[in-house]
file my_file09.cif (mmCIF, C-alpha atoms)
data_upload
#
loop_
_atom_site.label_atom_id
_atom_site.label_comp_id
_atom_site.auth_asym_id
_atom_site.auth_seq_id
_atom_site.Cartn_x
_atom_site.Cartn_y
_atom_site.Cartn_z
CA SER A 1 134.56 -16.37 -42.74
CA ALA A 2 136.07 -17.02 -39.32
CA VAL A 3 133.83 -18.42 -36.59
CA ILE A 4 134.03 -16.26 -33.47
CA SER A 5 132.72 -17.06 -30.01
CA GLN A 6 132.59 -14.98 -26.85
CA LYS A 7 132.17 -15.85 -23.20
CA PRO A 8 130.16 -14.99 -21.25
CA SER A 9 127.23 -14.11 -23.49
CA ARG A 10 125.78 -11.91 -20.77
CA ASP A 11 126.42 -11.03 -17.14
CA ILE A 12 125.07 -8.91 -14.34
CA CYS A 13 127.79 -7.48 -12.11
CA GLN A 14 128.07 -5.32 -9.04
CA ARG A 15 129.81 -1.99 -9.23
CA GLY A 16 133.45 -2.04 -8.22
CA THR A 17 134.02 -5.57 -9.51
CA SER A 18 135.80 -6.68 -12.71
CA LEU A 19 134.72 -8.95 -15.54
CA THR A 20 136.92 -10.71 -18.07
CA ILE A 21 135.44 -11.38 -21.50
CA GLN A 22 136.91 -14.06 -23.72
CA CYS A 23 137.02 -14.10 -27.51
CA GLN A 24 137.91 -17.29 -29.39
CA VAL A 25 138.40 -17.64 -33.15
CA ASP A 26 138.48 -20.91 -35.08
CA SER A 27 141.43 -19.83 -37.24
CA GLN A 28 144.61 -17.84 -36.77
CA VAL A 29 144.15 -14.13 -37.27
CA THR A 30 146.63 -11.30 -36.99
CA MET A 31 144.47 -8.54 -35.60
CA MET A 32 141.63 -8.69 -33.09
CA PHE A 33 139.54 -5.70 -32.14
CA TRP A 34 137.41 -4.88 -29.12
CA TYR A 35 134.36 -2.62 -29.43
CA ARG A 36 131.82 -1.19 -27.05
CA GLN A 37 128.20 -0.64 -28.05
CA GLN A 38 126.28 1.35 -25.48
CA PRO A 39 122.50 0.90 -25.39
CA GLY A 40 120.94 2.15 -28.62
CA GLN A 41 124.26 3.49 -29.86
CA SER A 42 126.83 2.77 -32.52
CA LEU A 43 130.03 0.77 -32.18
CA THR A 44 133.10 2.43 -30.67
CA LEU A 45 136.54 0.89 -30.97
CA ILE A 46 138.21 0.33 -27.60
CA ALA A 47 141.51 -1.16 -28.72
CA THR A 48 143.33 -3.23 -31.29
CA ALA A 49 145.13 -6.37 -30.13
CA ASN A 50 148.05 -7.83 -32.05
CA GLN A 51 149.58 -11.07 -30.85
CA GLY A 52 152.85 -10.59 -29.02
CA SER A 53 152.57 -6.86 -28.48
CA GLU A 54 150.75 -4.39 -26.28
CA ALA A 55 147.24 -3.49 -27.34
CA THR A 56 146.71 -0.10 -28.96
CA TYR A 57 143.99 1.89 -27.23
CA GLU A 58 141.74 4.53 -28.75
CA SER A 59 141.25 7.97 -27.31
CA GLY A 60 139.12 7.80 -24.19
CA PHE A 61 140.07 4.22 -23.30
CA VAL A 62 142.97 3.30 -21.00
CA ILE A 63 144.76 0.09 -20.18
CA ASP A 64 144.06 0.31 -16.45
CA LYS A 65 140.31 0.29 -17.11
CA PHE A 66 140.30 -2.15 -20.06
CA PRO A 67 143.34 -4.45 -19.87
CA ILE A 68 143.62 -6.75 -22.87
CA SER A 69 145.55 -9.96 -23.38
CA ARG A 70 146.42 -11.63 -26.69
CA PRO A 71 148.37 -14.75 -25.83
CA ASN A 72 148.06 -16.42 -29.26
CA LEU A 73 146.61 -15.99 -32.73
CA THR A 74 143.16 -17.40 -31.87
CA PHE A 75 142.33 -15.91 -28.47
CA SER A 76 142.01 -12.60 -26.66
CA THR A 77 140.50 -11.31 -23.43
CA LEU A 78 139.14 -7.93 -22.43
CA THR A 79 138.73 -7.06 -18.77
CA VAL A 80 136.36 -4.34 -17.65
CA SER A 81 137.82 -3.19 -14.35
CA ASN A 82 136.29 -1.46 -11.36
CA MET A 83 132.93 -1.37 -13.08
CA SER A 84 130.30 1.33 -12.75
CA PRO A 85 126.75 1.44 -14.20
CA GLU A 86 128.14 3.52 -17.09
CA ASP A 87 130.03 0.41 -18.24
CA SER A 88 126.73 -1.33 -19.00
CA SER A 89 127.09 -2.09 -22.71
CA ILE A 90 127.54 -4.79 -25.27
CA TYR A 91 131.21 -5.65 -25.74
CA LEU A 92 132.11 -7.16 -29.09
CA CYS A 93 135.29 -8.61 -30.44
CA SER A 94 135.99 -8.68 -34.14
CA VAL A 95 138.67 -10.10 -36.39
CA GLU A 96 140.04 -9.34 -39.80
CA ASP A 97 139.40 -12.38 -41.92
CA PRO A 98 142.39 -12.94 -44.20
CA TYR A 99 140.19 -14.66 -46.77
CA PRO A 100 139.37 -13.22 -49.21
CA LEU A 101 140.68 -9.82 -48.17
CA GLU A 102 142.08 -8.58 -44.90
CA GLU A 103 140.00 -5.46 -44.56
CA THR A 104 136.85 -7.44 -43.89
CA GLN A 105 135.94 -7.51 -40.20
CA TYR A 106 133.60 -10.04 -38.66
CA PHE A 107 132.08 -9.73 -35.23
CA GLY A 108 131.60 -12.11 -32.37
CA PRO A 109 128.13 -12.49 -30.82
CA GLY A 110 128.87 -9.95 -28.09
CA THR A 111 128.80 -9.93 -24.30
CA ARG A 112 125.88 -8.07 -22.75
CA LEU A 113 127.00 -6.51 -19.51
CA LEU A 114 124.75 -4.91 -16.92
CA VAL A 115 126.38 -3.21 -13.95
CA LEU A 116 124.21 -2.55 -10.91
CA GLY B 117 140.90 11.55 -37.27
CA GLU B 118 138.12 10.07 -39.34
CA ASN B 119 134.53 11.07 -38.66
CA VAL B 120 131.51 9.39 -40.23
CA GLU B 121 128.06 10.96 -40.35
CA GLN B 122 125.05 8.79 -41.21
CA HIS B 123 121.52 9.85 -42.23
CA PRO B 124 118.70 9.37 -41.61
CA SER B 125 118.65 8.02 -38.06
CA THR B 126 115.31 6.31 -38.71
CA LEU B 127 113.66 5.29 -41.97
CA SER B 128 110.24 3.76 -42.49
CA VAL B 129 109.20 2.35 -45.88
CA GLN B 130 106.44 0.20 -47.27
CA GLU B 131 107.28 -3.32 -48.29
CA GLY B 132 108.44 -3.33 -51.89
CA ASP B 133 109.71 0.25 -51.83
CA SER B 134 113.36 1.23 -51.97
CA ALA B 135 115.43 2.50 -49.03
CA VAL B 136 118.50 4.70 -49.21
CA ILE B 137 120.91 5.41 -46.35
CA LYS B 138 123.68 7.98 -46.78
CA CYS B 139 127.03 8.46 -45.08
CA THR B 140 129.71 11.09 -45.35
CA TYR B 141 133.29 10.77 -44.18
CA SER B 142 135.95 13.31 -43.38
CA ASP B 143 139.29 11.64 -44.14
CA SER B 144 140.00 11.70 -47.88
CA ALA B 145 142.56 8.89 -47.37
CA SER B 146 139.83 6.41 -46.35
CA ASN B 147 139.72 3.57 -48.84
CA TYR B 148 137.39 0.92 -47.42
CA PHE B 149 133.67 1.32 -46.72
CA PRO B 150 131.64 -1.59 -45.27
CA TRP B 151 127.97 -1.72 -44.34
CA TYR B 152 126.68 -3.80 -41.43
CA LYS B 153 123.18 -4.93 -40.55
CA GLN B 154 122.34 -5.52 -36.90
CA GLU B 155 119.10 -7.22 -35.97
CA LEU B 156 117.79 -6.82 -32.46
CA GLY B 157 119.95 -8.73 -29.99
CA LYS B 158 122.30 -9.98 -32.70
CA ARG B 159 125.83 -9.21 -33.79
CA PRO B 160 126.53 -6.77 -36.66
CA GLN B 161 126.66 -8.69 -39.95
CA LEU B 162 128.60 -7.47 -42.96
CA ILE B 163 126.19 -7.12 -45.88
CA ILE B 164 128.29 -5.36 -48.50
CA ASP B 165 131.50 -3.38 -48.76
CA ILE B 166 133.23 -1.23 -51.33
CA ARG B 167 136.79 -0.13 -51.88
CA SER B 168 137.88 3.23 -53.15
CA ASN B 169 138.89 1.96 -56.56
CA VAL B 170 135.25 1.12 -57.33
CA GLY B 171 132.32 3.50 -57.76
CA GLU B 172 129.47 1.05 -57.32
CA LYS B 173 128.90 -2.51 -56.17
CA LYS B 174 125.75 -4.58 -56.26
CA ASP B 175 124.67 -7.79 -54.61
CA GLN B 176 121.11 -8.84 -55.48
CA ARG B 177 118.79 -6.25 -53.85
CA ILE B 178 121.61 -4.35 -52.17
CA ALA B 179 123.92 -1.82 -53.78
CA VAL B 180 126.48 0.65 -52.52
CA THR B 181 127.72 3.73 -54.34
CA LEU B 182 130.82 5.75 -53.54
CA ASN B 183 131.60 9.34 -54.49
CA LYS B 184 135.21 9.97 -53.48
CA THR B 185 135.16 13.59 -54.57
CA ALA B 186 132.22 14.42 -52.34
CA LYS B 187 133.36 11.93 -49.68
CA HIS B 188 130.05 10.19 -49.38
CA PHE B 189 128.70 6.71 -49.91
CA SER B 190 125.21 5.29 -49.87
CA LEU B 191 123.42 2.00 -49.32
CA HIS B 192 120.50 1.22 -51.59
CA ILE B 193 118.03 -1.56 -50.82
CA THR B 194 115.44 -2.31 -53.49
CA GLU B 195 112.20 -4.29 -53.15
CA THR B 196 112.38 -4.09 -49.37
CA GLN B 197 111.00 -6.93 -47.31
CA PRO B 198 109.98 -7.05 -43.62
CA GLU B 199 113.13 -9.07 -42.86
CA ASP B 200 115.19 -6.07 -43.97
CA SER B 201 114.03 -4.31 -40.79
CA ALA B 202 117.14 -3.76 -38.66
CA VAL B 203 119.74 -1.17 -37.71
CA TYR B 204 122.24 -0.45 -40.48
CA PHE B 205 125.71 0.93 -39.81
CA CYS B 206 128.13 2.38 -42.31
CA ALA B 207 131.84 2.56 -41.57
CA ALA B 208 135.00 3.98 -43.12
CA SER B 209 138.63 3.10 -42.79
CA TYR B 210 142.06 3.73 -44.27
CA TYR B 211 144.01 0.56 -44.91
CA PRO B 212 147.67 1.20 -45.81
CA PRO B 213 149.05 -1.50 -48.11
CA GLY B 214 150.14 -4.47 -46.02
CA ASN B 215 148.95 -2.89 -42.81
CA THR B 216 145.80 -2.75 -40.75
CA GLY B 217 143.30 0.02 -40.33
CA LYS B 218 140.47 0.70 -37.95
CA LEU B 219 136.79 1.06 -38.69
CA ILE B 220 134.99 4.24 -37.71
CA PHE B 221 131.24 3.70 -37.60
CA GLY B 222 128.35 5.99 -38.39
CA GLN B 223 125.58 6.52 -35.87
CA GLY B 224 123.27 3.92 -37.38
CA THR B 225 119.93 3.95 -39.21
CA THR B 226 116.92 2.07 -37.91
CA LEU B 227 115.04 0.78 -40.95
CA GLN B 228 111.45 -0.34 -40.55
CA VAL B 229 109.76 -2.09 -43.45
CA LYS B 230 105.99 -2.13 -43.04
CA PRO B 231 104.13 -5.10 -44.53
#
call {"tool": "encode", "arguments": {"input": "my_file09.cif", "output": "structure tokens"}}
result
Amino acid sequence: SAVISQKPSRDICQRGTSLTIQCQVDSQVTMMFWYRQQPGQSLTLIATANQGSEATYESGFVIDKFPISRPNLTFSTLTVSNMSPEDSSIYLCSVEDPYPLEETQYFGPGTRLLVL
Amino acid sequence: GENVEQHPSTLSVQEGDSAVIKCTYSDSASNYFPWYKQELGKRPQLIIDIRSNVGEKKDQRIAVTLNKTAKHFSLHITETQPEDSAVYFCAASYYPPGNTGKLIFGQGTTLQVKP
């Protein structure tokens, strides 16, 4: 399976600021996904990022709050803008591994964000 | 859109017993059903998955069953061990041929295996 890394692994931020999270994959993948996992909760899809096109956002998530870049087939960033304490969560990227089958999604280690 | 319900929210078993976690989904078009295990402070790890053309799949102590008619699928863990203690998530998705889908996750089950 693909090896996925995220930076930073954790951060403590002040409200009103923005944080950009990076996701790097060791192989080329078509689709990358960004999820939010609030404390003690399940995973919620924020958006799907396809290289060379605008990200597709899920209901309840907007580009102004969570801008995403996908400059190539191995890298993506998610920015959490104008943060509030409610944004304190784990943010995870995932990829569809083309081998053996595309439906399989693997997750990065996550970025633990605390907003004060 | 798809909705996935997962039960129970917590499950406590004695080491060596079996554990069963159940999920139901709403979209009859869903055709891919993975299960993830998340240990405390770690990323979700895929442990087993099943596609809609299969009714059951087994991998050592783990098995998943799918009932498309009833729109539910279950995770079975036999001979549980303390290291099985974790949060388990089910998910469902519709993958059109040659296209991508999106995973909708259940609420999670916290499994505790007592030594």
call {"tool": "residues_near_point", "arguments": {"input": "my_file09.cif", "point": "(143.2, 12.8, -36.7)", "cutoff": "12 Å", "atoms": "all atoms listed in the file", "output": "number ranges by chain"}}
result
A: 58-59; B: 117-119, 142-145, 210, 220
call {"tool": "residues_around", "arguments": {"input": "my_file09.cif", "residues": "Gly52 of chain A", "least_positions_apart": "4", "cutoff": "12 Å", "atoms": "only C-alpha atoms", "output": "PyMOL selection string"}}
result
chain A and resi 30-31+68-73+75-76
call {"tool": "resolve_selection", "arguments": {"input": "my_file09.cif", "expression": "the PyMOL selection byres ((chain A) within 9 of (chain B))", "output": "list of chain:residue names"}}
result
A:Met31, A:Phe33, A:Gln41, A:Ser42, A:Leu43, A:Thr44, A:Leu45, A:Thr48, A:Leu92, A:Glu96, A:Glu102, A:Glu103, A:Thr104, A:Gln105, A:Tyr106, A:Phe107, A:Gly108, A:Pro109, A:Gly110
call {"tool": "atom_distance", "arguments": {"input": "my_file09.cif", "atom1": "atom CA of Pro212 of chain B", "atom2": "atom CA of Ile90 of chain A"}}
result
29.4 Å
call {"tool": "residues_around", "arguments": {"input": "my_file09.cif", "residues": "Thr181 of chain B", "least_positions_apart": "5", "cutoff": "9 Å", "atoms": "all atoms listed in the file", "output": "JSON, numbers by chain"}}
result
{"B": [166, 170, 171, 172, 173, 174, 188, 189, 190, 191, 192]}
call {"tool": "atom_distance", "arguments": {"input": "my_file09.cif", "atom1": "atom CA of Glu155 of chain B", "atom2": "atom CA of Cys23 of chain A"}}
result
21.0 Å
call {"tool": "residues_around", "arguments": {"input": "my_file09.cif", "residues": "Lys65 of chain A", "least_positions_apart": "2", "cutoff": "6 Å", "atoms": "all atoms listed in the file", "output": "list in words"}}
result
Val62, Ile63 and Ser81 of chain A
call {"tool": "resolve_selection", "arguments": {"input": "my_file09.cif", "expression": "the PyMOL selection byres ((chain A and resi 14) around 6)", "output": "ChimeraX atom specification"}}
result
/A:13,15,17,115-116
call {"tool": "write_last_selection", "arguments": {"input": "my_file09.cif", "atoms": "C-alpha atoms", "output": "PDB file, keeping the file's coordinate frame"}}
result
ATOM      1  CA  CYS A  13     127.790  -7.480 -12.110  1.00  0.00           C
ATOM      2  CA  ARG A  15     129.810  -1.990  -9.230  1.00  0.00           C
ATOM      3  CA  THR A  17     134.020  -5.570  -9.510  1.00  0.00           C
ATOM      4  CA  VAL A 115     126.380  -3.210 -13.950  1.00  0.00           C
ATOM      5  CA  LEU A 116     124.210  -2.550 -10.910  1.00  0.00           C
TER       6      LEU A 116
END
call {"tool": "resolve_selection", "arguments": {"input": "my_file09.cif", "expression": "the PyMOL selection byres ((chain B and resi 140) around 7)", "output": "ChimeraX atom specification"}}
result
/B:120-122,138-139,141-142,187-189
call {"tool": "residues_around", "arguments": {"input": "my_file09.cif", "residues": "Lys7 of chain A", "least_positions_apart": "4", "cutoff": "8 Å", "atoms": "only C-alpha atoms", "output": "ChimeraX atom specification"}}
result
/A:21-23,111
call {"tool": "atom_distance", "arguments": {"input": "my_file09.cif", "atom1": "atom CA of Ile4 of chain A", "atom2": "atom CA of Leu113 of chain A"}}
result
18.4 Å
call {"tool": "decode", "arguments": {"input": "my_file09.cif", "residues": "segment 36-48 of chain A", "atoms": "all heavy atoms", "output": "mmCIF file, in the first residue's frame"}}
result
data_model
loop_
_atom_site.group_PDB
_atom_site.id
_atom_site.type_symbol
_atom_site.label_atom_id
_atom_site.label_comp_id
_atom_site.auth_asym_id
_atom_site.auth_seq_id
_atom_site.Cartn_x
_atom_site.Cartn_y
_atom_site.Cartn_z
ATOM 1 N N ARG A 36 -12.185 14.954 8.518
ATOM 2 C CA ARG A 36 -12.097 15.516 9.857
ATOM 3 C C ARG A 36 -12.620 14.487 10.854
ATOM 4 O O ARG A 36 -13.652 13.846 10.609
ATOM 5 C CB ARG A 36 -12.920 16.802 9.964
ATOM 6 C CG ARG A 36 -12.853 17.471 11.334
ATOM 7 C CD ARG A 36 -13.608 18.778 11.336
ATOM 8 N NE ARG A 36 -15.051 18.595 11.287
ATOM 9 C CZ ARG A 36 -15.922 19.589 11.212
ATOM 10 N NH1 ARG A 36 -15.485 20.852 11.151
ATOM 11 N NH2 ARG A 36 -17.217 19.344 11.198
ATOM 12 N N GLN A 37 -11.921 14.347 11.977
ATOM 13 C CA GLN A 37 -12.369 13.457 13.038
ATOM 14 C C GLN A 37 -12.387 14.275 14.330
ATOM 15 O O GLN A 37 -11.344 14.526 14.946
ATOM 16 C CB GLN A 37 -11.463 12.229 13.176
ATOM 17 C CG GLN A 37 -12.006 11.215 14.168
ATOM 18 C CD GLN A 37 -11.187 9.934 14.207
ATOM 19 O OE1 GLN A 37 -9.985 9.926 13.926
ATOM 20 N NE2 GLN A 37 -11.835 8.835 14.557
ATOM 21 N N GLN A 38 -13.562 14.702 14.707
ATOM 22 C CA GLN A 38 -13.692 15.468 15.944
ATOM 23 C C GLN A 38 -13.502 14.540 17.133
ATOM 24 O O GLN A 38 -13.661 13.316 17.012
ATOM 25 C CB GLN A 38 -15.058 16.169 15.970
ATOM 26 C CG GLN A 38 -15.159 17.238 14.877
ATOM 27 C CD GLN A 38 -16.505 17.910 14.808
ATOM 28 O OE1 GLN A 38 -17.523 17.253 14.619
ATOM 29 N NE2 GLN A 38 -16.515 19.225 14.943
ATOM 30 N N PRO A 39 -13.128 15.097 18.295
ATOM 31 C CA PRO A 39 -12.786 14.259 19.449
ATOM 32 C C PRO A 39 -13.848 13.207 19.767
ATOM 33 O O PRO A 39 -15.020 13.533 19.948
ATOM 34 C CB PRO A 39 -12.646 15.283 20.580
ATOM 35 C CG PRO A 39 -12.243 16.546 19.895
ATOM 36 C CD PRO A 39 -12.962 16.539 18.578
ATOM 37 N N GLY A 40 -13.438 11.951 19.787
ATOM 38 C CA GLY A 40 -14.341 10.858 20.122
ATOM 39 C C GLY A 40 -15.381 10.546 19.066
ATOM 40 O O GLY A 40 -16.323 9.801 19.337
ATOM 41 N N GLN A 41 -15.219 11.092 17.876
ATOM 42 C CA GLN A 41 -16.235 10.931 16.838
ATOM 43 C C GLN A 41 -15.709 10.112 15.664
ATOM 44 O O GLN A 41 -14.556 9.691 15.642
ATOM 45 C CB GLN A 41 -16.695 12.296 16.332
ATOM 46 C CG GLN A 41 -17.265 13.204 17.404
ATOM 47 C CD GLN A 41 -18.528 12.659 18.025
ATOM 48 O OE1 GLN A 41 -19.445 12.226 17.318
ATOM 49 N NE2 GLN A 41 -18.605 12.658 19.340
ATOM 50 N N SER A 42 -16.592 9.928 14.698
ATOM 51 C CA SER A 42 -16.250 9.189 13.493
ATOM 52 C C SER A 42 -15.555 10.106 12.494
ATOM 53 O O SER A 42 -15.277 11.275 12.779
ATOM 54 C CB SER A 42 -17.517 8.587 12.890
ATOM 55 O OG SER A 42 -17.205 7.771 11.792
ATOM 56 N N LEU A 43 -15.288 9.582 11.317
ATOM 57 C CA LEU A 43 -14.621 10.334 10.271
ATOM 58 C C LEU A 43 -15.661 10.952 9.351
ATOM 59 O O LEU A 43 -16.602 10.272 8.907
ATOM 60 C CB LEU A 43 -13.702 9.424 9.457
ATOM 61 C CG LEU A 43 -12.472 8.890 10.172
ATOM 62 C CD1 LEU A 43 -12.774 7.618 10.936
ATOM 63 C CD2 LEU A 43 -11.349 8.649 9.175
ATOM 64 N N THR A 44 -15.477 12.228 9.026
ATOM 65 C CA THR A 44 -16.367 12.944 8.129
ATOM 66 C C THR A 44 -15.553 13.472 6.965
ATOM 67 O O THR A 44 -14.546 14.161 7.159
ATOM 68 C CB THR A 44 -17.047 14.116 8.857
ATOM 69 O OG1 THR A 44 -17.779 13.609 9.980
ATOM 70 C CG2 THR A 44 -17.996 14.846 7.920
ATOM 71 N N LEU A 45 -16.010 13.172 5.756
ATOM 72 C CA LEU A 45 -15.304 13.611 4.563
ATOM 73 C C LEU A 45 -15.490 15.112 4.368
ATOM 74 O O LEU A 45 -16.617 15.598 4.368
ATOM 75 C CB LEU A 45 -15.815 12.855 3.335
ATOM 76 C CG LEU A 45 -15.160 13.175 1.998
ATOM 77 C CD1 LEU A 45 -13.694 12.792 2.011
ATOM 78 C CD2 LEU A 45 -15.893 12.469 0.867
ATOM 79 N N ILE A 46 -14.372 15.825 4.214
ATOM 80 C CA ILE A 46 -14.428 17.266 3.945
ATOM 81 C C ILE A 46 -14.522 17.497 2.439
ATOM 82 O O ILE A 46 -15.400 18.223 1.964
ATOM 83 C CB ILE A 46 -13.171 17.979 4.504
ATOM 84 C CG1 ILE A 46 -13.091 17.839 6.020
ATOM 85 C CG2 ILE A 46 -13.147 19.441 4.074
ATOM 86 C CD1 ILE A 46 -11.781 18.337 6.621
ATOM 87 N N ALA A 47 -13.588 16.879 1.704
ATOM 88 C CA ALA A 47 -13.529 17.126 0.262
ATOM 89 C C ALA A 47 -12.679 16.068 -0.412
ATOM 90 O O ALA A 47 -11.870 15.389 0.219
ATOM 91 C CB ALA A 47 -12.962 18.512 -0.031
ATOM 92 N N THR A 48 -12.882 15.971 -1.702
ATOM 93 C CA THR A 48 -12.122 15.074 -2.569
ATOM 94 C C THR A 48 -11.282 15.929 -3.504
ATOM 95 O O THR A 48 -11.805 16.863 -4.136
ATOM 96 C CB THR A 48 -13.068 14.185 -3.387
ATOM 97 O OG1 THR A 48 -13.908 13.445 -2.491
ATOM 98 C CG2 THR A 48 -12.291 13.223 -4.258
#
